[in-house]
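Structure below is work_0.pdb: PDB, N, CA and C atoms.
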MODEL        1
ATOM      1  N   MET A1323     -27.729   8.170  -0.400
ATOM      2  CA  MET A1323     -27.365   6.778  -0.431
ATOM      3  C   MET A1323     -26.218   6.584  -1.403
ATOM      4  N   GLY A1324     -25.387   5.639  -1.065
ATOM      5  CA  GLY A1324     -24.249   5.312  -1.915
ATOM      6  C   GLY A1324     -23.948   3.837  -1.783
ATOM      7  N   GLU A1325     -22.683   3.486  -2.008
ATOM      8  CA  GLU A1325     -22.313   2.090  -1.927
ATOM      9  C   GLU A1325     -21.782   1.712  -0.552
ATOM     10  N   GLY A1326     -21.759   2.618   0.373
ATOM     11  CA  GLY A1326     -21.435   2.298   1.756
ATOM     12  C   GLY A1326     -20.015   2.528   2.203
ATOM     13  N   SER A1327     -19.096   2.841   1.323
ATOM     14  CA  SER A1327     -17.693   2.966   1.720
ATOM     15  C   SER A1327     -17.423   4.164   2.621
ATOM     16  N   GLN A1328     -18.341   5.111   2.673
ATOM     17  CA  GLN A1328     -18.155   6.280   3.536
ATOM     18  C   GLN A1328     -18.841   6.113   4.884
ATOM     19  N   GLY A1329     -19.453   4.960   5.105
ATOM     20  CA  GLY A1329     -20.115   4.719   6.376
ATOM     21  C   GLY A1329     -21.295   5.652   6.564
ATOM     22  N   TRP A1330     -21.608   5.921   7.841
ATOM     23  CA  TRP A1330     -22.693   6.844   8.182
ATOM     24  C   TRP A1330     -22.267   7.561   9.448
ATOM     25  N   ALA A1331     -21.539   8.656   9.278
ATOM     26  CA  ALA A1331     -20.924   9.384  10.392
ATOM     27  C   ALA A1331     -21.945   9.889  11.407
ATOM     28  N   ALA A1332     -23.151  10.192  10.975
ATOM     29  CA  ALA A1332     -24.166  10.743  11.873
ATOM     30  C   ALA A1332     -24.523   9.780  13.006
ATOM     31  N   CYS A1333     -24.306   8.497  12.817
ATOM     32  CA  CYS A1333     -24.662   7.497  13.838
ATOM     33  C   CYS A1333     -23.432   6.868  14.505
ATOM     34  N   ALA A1334     -22.252   7.357  14.193
ATOM     35  CA  ALA A1334     -21.016   6.802  14.753
ATOM     36  C   ALA A1334     -20.845   7.255  16.202
ATOM     37  N   PRO A1335     -20.057   6.562  17.018
ATOM     38  CA  PRO A1335     -19.245   5.405  16.683
ATOM     39  C   PRO A1335     -20.050   4.112  16.761
ATOM     40  N   TYR A1336     -19.634   3.143  15.985
ATOM     41  CA  TYR A1336     -20.298   1.846  15.936
ATOM     42  C   TYR A1336     -19.568   0.840  16.809
ATOM     43  N   ASP A1337     -20.326  -0.029  17.472
ATOM     44  CA  ASP A1337     -19.690  -1.052  18.298
ATOM     45  C   ASP A1337     -19.586  -2.385  17.578
ATOM     46  N   ARG A1338     -20.166  -2.481  16.385
ATOM     47  CA  ARG A1338     -20.041  -3.673  15.538
ATOM     48  C   ARG A1338     -20.088  -3.243  14.082
ATOM     49  N   VAL A1339     -19.336  -3.933  13.252
ATOM     50  CA  VAL A1339     -19.343  -3.666  11.819
ATOM     51  C   VAL A1339     -19.436  -5.003  11.094
ATOM     52  N   LEU A1340     -20.372  -5.109  10.182
ATOM     53  CA  LEU A1340     -20.530  -6.294   9.350
ATOM     54  C   LEU A1340     -20.494  -5.838   7.905
ATOM     55  N   ILE A1341     -19.475  -6.228   7.190
ATOM     56  CA  ILE A1341     -19.321  -5.878   5.782
ATOM     57  C   ILE A1341     -19.555  -7.148   4.979
ATOM     58  N   THR A1342     -20.425  -7.067   3.984
ATOM     59  CA  THR A1342     -20.788  -8.270   3.225
ATOM     60  C   THR A1342     -20.119  -8.343   1.862
ATOM     61  N   ALA A1343     -19.247  -7.405   1.548
ATOM     62  CA  ALA A1343     -18.514  -7.423   0.284
ATOM     63  C   ALA A1343     -17.064  -7.818   0.552
ATOM     64  N   SER A1344     -16.445  -8.508  -0.375
ATOM     65  CA  SER A1344     -15.041  -8.854  -0.247
ATOM     66  C   SER A1344     -14.195  -7.622  -0.545
ATOM     67  N   LEU A1345     -13.265  -7.321   0.347
ATOM     68  CA  LEU A1345     -12.465  -6.104   0.229
ATOM     69  C   LEU A1345     -10.977  -6.402   0.332
ATOM     70  N   ARG A1346     -10.173  -5.577  -0.299
ATOM     71  CA  ARG A1346      -8.722  -5.647  -0.083
ATOM     72  C   ARG A1346      -8.344  -4.833   1.132
ATOM     73  N   GLU A1347      -9.097  -3.775   1.428
ATOM     74  CA  GLU A1347      -8.860  -2.974   2.620
ATOM     75  C   GLU A1347     -10.177  -2.364   3.083
ATOM     76  N   ILE A1348     -10.268  -2.128   4.375
ATOM     77  CA  ILE A1348     -11.452  -1.498   4.943
ATOM     78  C   ILE A1348     -11.333   0.005   4.695
ATOM     79  N   PRO A1349     -12.357   0.642   4.136
ATOM     80  CA  PRO A1349     -12.294   2.084   3.877
ATOM     81  C   PRO A1349     -11.996   2.870   5.161
ATOM     82  N   ALA A1350     -11.163   3.888   5.056
ATOM     83  CA  ALA A1350     -10.751   4.691   6.213
ATOM     84  C   ALA A1350     -11.948   5.286   6.943
ATOM     85  N   ASP A1351     -12.975   5.708   6.235
ATOM     86  CA  ASP A1351     -14.156   6.277   6.889
ATOM     87  C   ASP A1351     -14.812   5.261   7.817
ATOM     88  N   ILE A1352     -14.867   4.010   7.404
ATOM     89  CA  ILE A1352     -15.465   2.960   8.231
ATOM     90  C   ILE A1352     -14.621   2.756   9.487
ATOM     91  N   ILE A1353     -13.321   2.698   9.345
ATOM     92  CA  ILE A1353     -12.427   2.523  10.494
ATOM     93  C   ILE A1353     -12.582   3.678  11.468
ATOM     94  N   GLN A1354     -12.613   4.900  10.962
ATOM     95  CA  GLN A1354     -12.723   6.078  11.822
ATOM     96  C   GLN A1354     -14.058   6.142  12.552
ATOM     97  N   GLN A1355     -15.099   5.559  11.992
ATOM     98  CA  GLN A1355     -16.421   5.600  12.612
ATOM     99  C   GLN A1355     -16.678   4.419  13.538
ATOM    100  N   THR A1356     -15.707   3.529  13.649
ATOM    101  CA  THR A1356     -15.864   2.326  14.455
ATOM    102  C   THR A1356     -15.124   2.476  15.778
ATOM    103  N   ASP A1357     -15.783   2.136  16.859
ATOM    104  CA  ASP A1357     -15.167   2.176  18.180
ATOM    105  C   ASP A1357     -13.929   1.271  18.168
ATOM    106  N   PRO A1358     -12.819   1.702  18.771
ATOM    107  CA  PRO A1358     -11.602   0.883  18.760
ATOM    108  C   PRO A1358     -11.784  -0.512  19.360
ATOM    109  N   ALA A1359     -12.738  -0.685  20.259
ATOM    110  CA  ALA A1359     -12.973  -1.994  20.875
ATOM    111  C   ALA A1359     -14.065  -2.780  20.140
ATOM    112  N   ALA A1360     -14.455  -2.321  18.968
ATOM    113  CA  ALA A1360     -15.571  -2.923  18.236
ATOM    114  C   ALA A1360     -15.239  -4.304  17.690
ATOM    115  N   GLY A1361     -16.291  -5.086  17.519
ATOM    116  CA  GLY A1361     -16.177  -6.344  16.812
ATOM    117  C   GLY A1361     -16.454  -6.077  15.346
ATOM    118  N   SER A1362     -15.866  -6.871  14.474
ATOM    119  CA  SER A1362     -16.074  -6.663  13.045
ATOM    120  C   SER A1362     -15.977  -7.980  12.298
ATOM    121  N   SER A1363     -16.599  -8.009  11.152
ATOM    122  CA  SER A1363     -16.544  -9.190  10.315
ATOM    123  C   SER A1363     -16.631  -8.759   8.864
ATOM    124  N   SER A1364     -15.759  -9.314   8.041
ATOM    125  CA  SER A1364     -15.754  -8.981   6.625
ATOM    126  C   SER A1364     -15.031 -10.074   5.853
ATOM    127  N   PRO A1365     -15.610 -10.527   4.729
ATOM    128  CA  PRO A1365     -14.804 -11.381   3.865
ATOM    129  C   PRO A1365     -13.706 -10.499   3.273
ATOM    130  N   ARG A1366     -12.531 -11.024   3.119
ATOM    131  CA  ARG A1366     -11.458 -10.186   2.575
ATOM    132  C   ARG A1366     -10.527 -11.017   1.716
ATOM    133  N   THR A1367      -9.787 -10.316   0.897
ATOM    134  CA  THR A1367      -8.769 -10.981   0.106
ATOM    135  C   THR A1367      -7.610 -11.320   1.047
ATOM    136  N   PRO A1368      -6.660 -12.133   0.637
ATOM    137  CA  PRO A1368      -5.591 -12.558   1.545
ATOM    138  C   PRO A1368      -4.790 -11.425   2.171
ATOM    139  N   ARG A1369      -4.696 -10.276   1.536
ATOM    140  CA  ARG A1369      -3.879  -9.196   2.064
ATOM    141  C   ARG A1369      -4.756  -8.004   2.404
ATOM    142  N   SER A1370      -4.823  -7.619   3.672
ATOM    143  CA  SER A1370      -5.560  -6.437   4.090
ATOM    144  C   SER A1370      -4.547  -5.343   4.376
ATOM    145  N   THR A1371      -4.708  -4.176   3.766
ATOM    146  CA  THR A1371      -3.728  -3.106   3.916
ATOM    147  C   THR A1371      -4.273  -1.941   4.722
ATOM    148  N   ALA A1372      -5.371  -2.114   5.406
ATOM    149  CA  ALA A1372      -5.982  -1.016   6.149
ATOM    150  C   ALA A1372      -5.229  -0.684   7.428
ATOM    151  N   GLY A1373      -4.301  -1.530   7.856
ATOM    152  CA  GLY A1373      -3.535  -1.244   9.051
ATOM    153  C   GLY A1373      -4.224  -1.662  10.347
ATOM    154  N   ARG A1374      -5.318  -2.387  10.217
ATOM    155  CA  ARG A1374      -6.054  -2.818  11.407
ATOM    156  C   ARG A1374      -6.543  -4.236  11.162
ATOM    157  N   PRO A1375      -6.365  -5.126  12.142
ATOM    158  CA  PRO A1375      -6.818  -6.504  11.922
ATOM    159  C   PRO A1375      -8.344  -6.610  11.884
ATOM    160  N   TRP A1376      -8.840  -7.407  10.994
ATOM    161  CA  TRP A1376     -10.278  -7.655  10.872
ATOM    162  C   TRP A1376     -10.482  -9.148  10.738
ATOM    163  N   SER A1377     -11.554  -9.656  11.301
ATOM    164  CA  SER A1377     -11.822 -11.076  11.188
ATOM    165  C   SER A1377     -12.429 -11.390   9.826
ATOM    166  N   ALA A1378     -12.140 -12.553   9.306
ATOM    167  CA  ALA A1378     -12.655 -12.942   7.993
ATOM    168  C   ALA A1378     -13.832 -13.864   8.135
TER
ENDMDL
END

Take the structure in the file and write it out as structure tokens.
Amino acid sequence: MGEGSQGWAACAPYDRVLITASLREIPADIIQQTDPAAGSSSPRTPRSTAGRPWSA
């Protein structure tokens, strides 16, 4: 167990992602484990630098 930034590769790919912490960017491991057509939700700071749009 950790703080979640590395996701859980054993159960990937995910079709939905819900992040409950405010982030400046989505961790690369989470992006890589998420299906490209996935829905996602995360509170975020005004600037997201992960290179992928996420809903706030």

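In this model, the gap between atom N of Asp1337 in chain A and atom C of Gly1361 in chain A comes to 7.5 Å.
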
Which residues would end up in the selection if the PyMOL selection byres ((chain A and resi 1343) around 6.5) were applied here, given that I need the answer as a short mmCIF file (atom, residue, chain, number, x, y, z; two decimals) with N, CA and C atoms, in the frame of the given file?
data_model
loop_
_atom_site.label_atom_id
_atom_site.label_comp_id
_atom_site.auth_asym_id
_atom_site.auth_seq_id
_atom_site.Cartn_x
_atom_site.Cartn_y
_atom_site.Cartn_z
N ILE A 1341 -19.48 -6.23 7.19
CA ILE A 1341 -19.32 -5.88 5.78
C ILE A 1341 -19.56 -7.15 4.98
N THR A 1342 -20.42 -7.07 3.98
CA THR A 1342 -20.79 -8.27 3.22
C THR A 1342 -20.12 -8.34 1.86
N SER A 1344 -16.44 -8.51 -0.38
CA SER A 1344 -15.04 -8.85 -0.25
C SER A 1344 -14.20 -7.62 -0.55
N LEU A 1345 -13.26 -7.32 0.35
CA LEU A 1345 -12.46 -6.10 0.23
C LEU A 1345 -10.98 -6.40 0.33
N SER A 1364 -15.76 -9.31 8.04
CA SER A 1364 -15.75 -8.98 6.62
C SER A 1364 -15.03 -10.07 5.85
N PRO A 1365 -15.61 -10.53 4.73
CA PRO A 1365 -14.80 -11.38 3.86
C PRO A 1365 -13.71 -10.50 3.27
N ARG A 1366 -12.53 -11.02 3.12
CA ARG A 1366 -11.46 -10.19 2.58
C ARG A 1366 -10.53 -11.02 1.72
#

**OP:** Expand the PyMOL selection byres ((chain A and resi 1350-1359) around 6.5) into the individual residues it matches in the shown file, reporting them as a PyMOL selection string.
**Re:** chain A and resi 1327-1329+1331+1334-1338+1348-1349+1360-1361

Just N, CA and C atoms for this one: save the residues we selected as a short mmCIF file (atom, residue, chain, number, x, y, z; two decimals), in the frame of the given file.
data_model
loop_
_atom_site.label_atom_id
_atom_site.label_comp_id
_atom_site.auth_asym_id
_atom_site.auth_seq_id
_atom_site.Cartn_x
_atom_site.Cartn_y
_atom_site.Cartn_z
N SER A 1327 -19.10 2.84 1.32
CA SER A 1327 -17.69 2.97 1.72
C SER A 1327 -17.42 4.16 2.62
N GLN A 1328 -18.34 5.11 2.67
CA GLN A 1328 -18.16 6.28 3.54
C GLN A 1328 -18.84 6.11 4.88
N GLY A 1329 -19.45 4.96 5.11
CA GLY A 1329 -20.11 4.72 6.38
C GLY A 1329 -21.30 5.65 6.56
N ALA A 1331 -21.54 8.66 9.28
CA ALA A 1331 -20.92 9.38 10.39
C ALA A 1331 -21.94 9.89 11.41
N ALA A 1334 -22.25 7.36 14.19
CA ALA A 1334 -21.02 6.80 14.75
C ALA A 1334 -20.84 7.26 16.20
N PRO A 1335 -20.06 6.56 17.02
CA PRO A 1335 -19.24 5.40 16.68
C PRO A 1335 -20.05 4.11 16.76
N TYR A 1336 -19.63 3.14 15.98
CA TYR A 1336 -20.30 1.85 15.94
C TYR A 1336 -19.57 0.84 16.81
N ASP A 1337 -20.33 -0.03 17.47
CA ASP A 1337 -19.69 -1.05 18.30
C ASP A 1337 -19.59 -2.38 17.58
N ARG A 1338 -20.17 -2.48 16.39
CA ARG A 1338 -20.04 -3.67 15.54
C ARG A 1338 -20.09 -3.24 14.08
N ILE A 1348 -10.27 -2.13 4.38
CA ILE A 1348 -11.45 -1.50 4.94
C ILE A 1348 -11.33 0.00 4.70
N PRO A 1349 -12.36 0.64 4.14
CA PRO A 1349 -12.29 2.08 3.88
C PRO A 1349 -12.00 2.87 5.16
N ALA A 1360 -14.46 -2.32 18.97
CA ALA A 1360 -15.57 -2.92 18.24
C ALA A 1360 -15.24 -4.30 17.69
N GLY A 1361 -16.29 -5.09 17.52
CA GLY A 1361 -16.18 -6.34 16.81
C GLY A 1361 -16.45 -6.08 15.35
#

Original post:
Quick one, how far is atom N of Ser1363 in chain A from atom N of Glu1325 in chain A?
Top reply: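 Computed distance, atom N of Ser1363 in chain A to atom N of Glu1325 in chain A, equals 18.5 Å.
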
Subject >> Test item, strand (DSSP E) assignment across range 1324-1369 of chain A, answer as an NGL selection string >> reply: :A and (1336-1340 or 1356-1363)
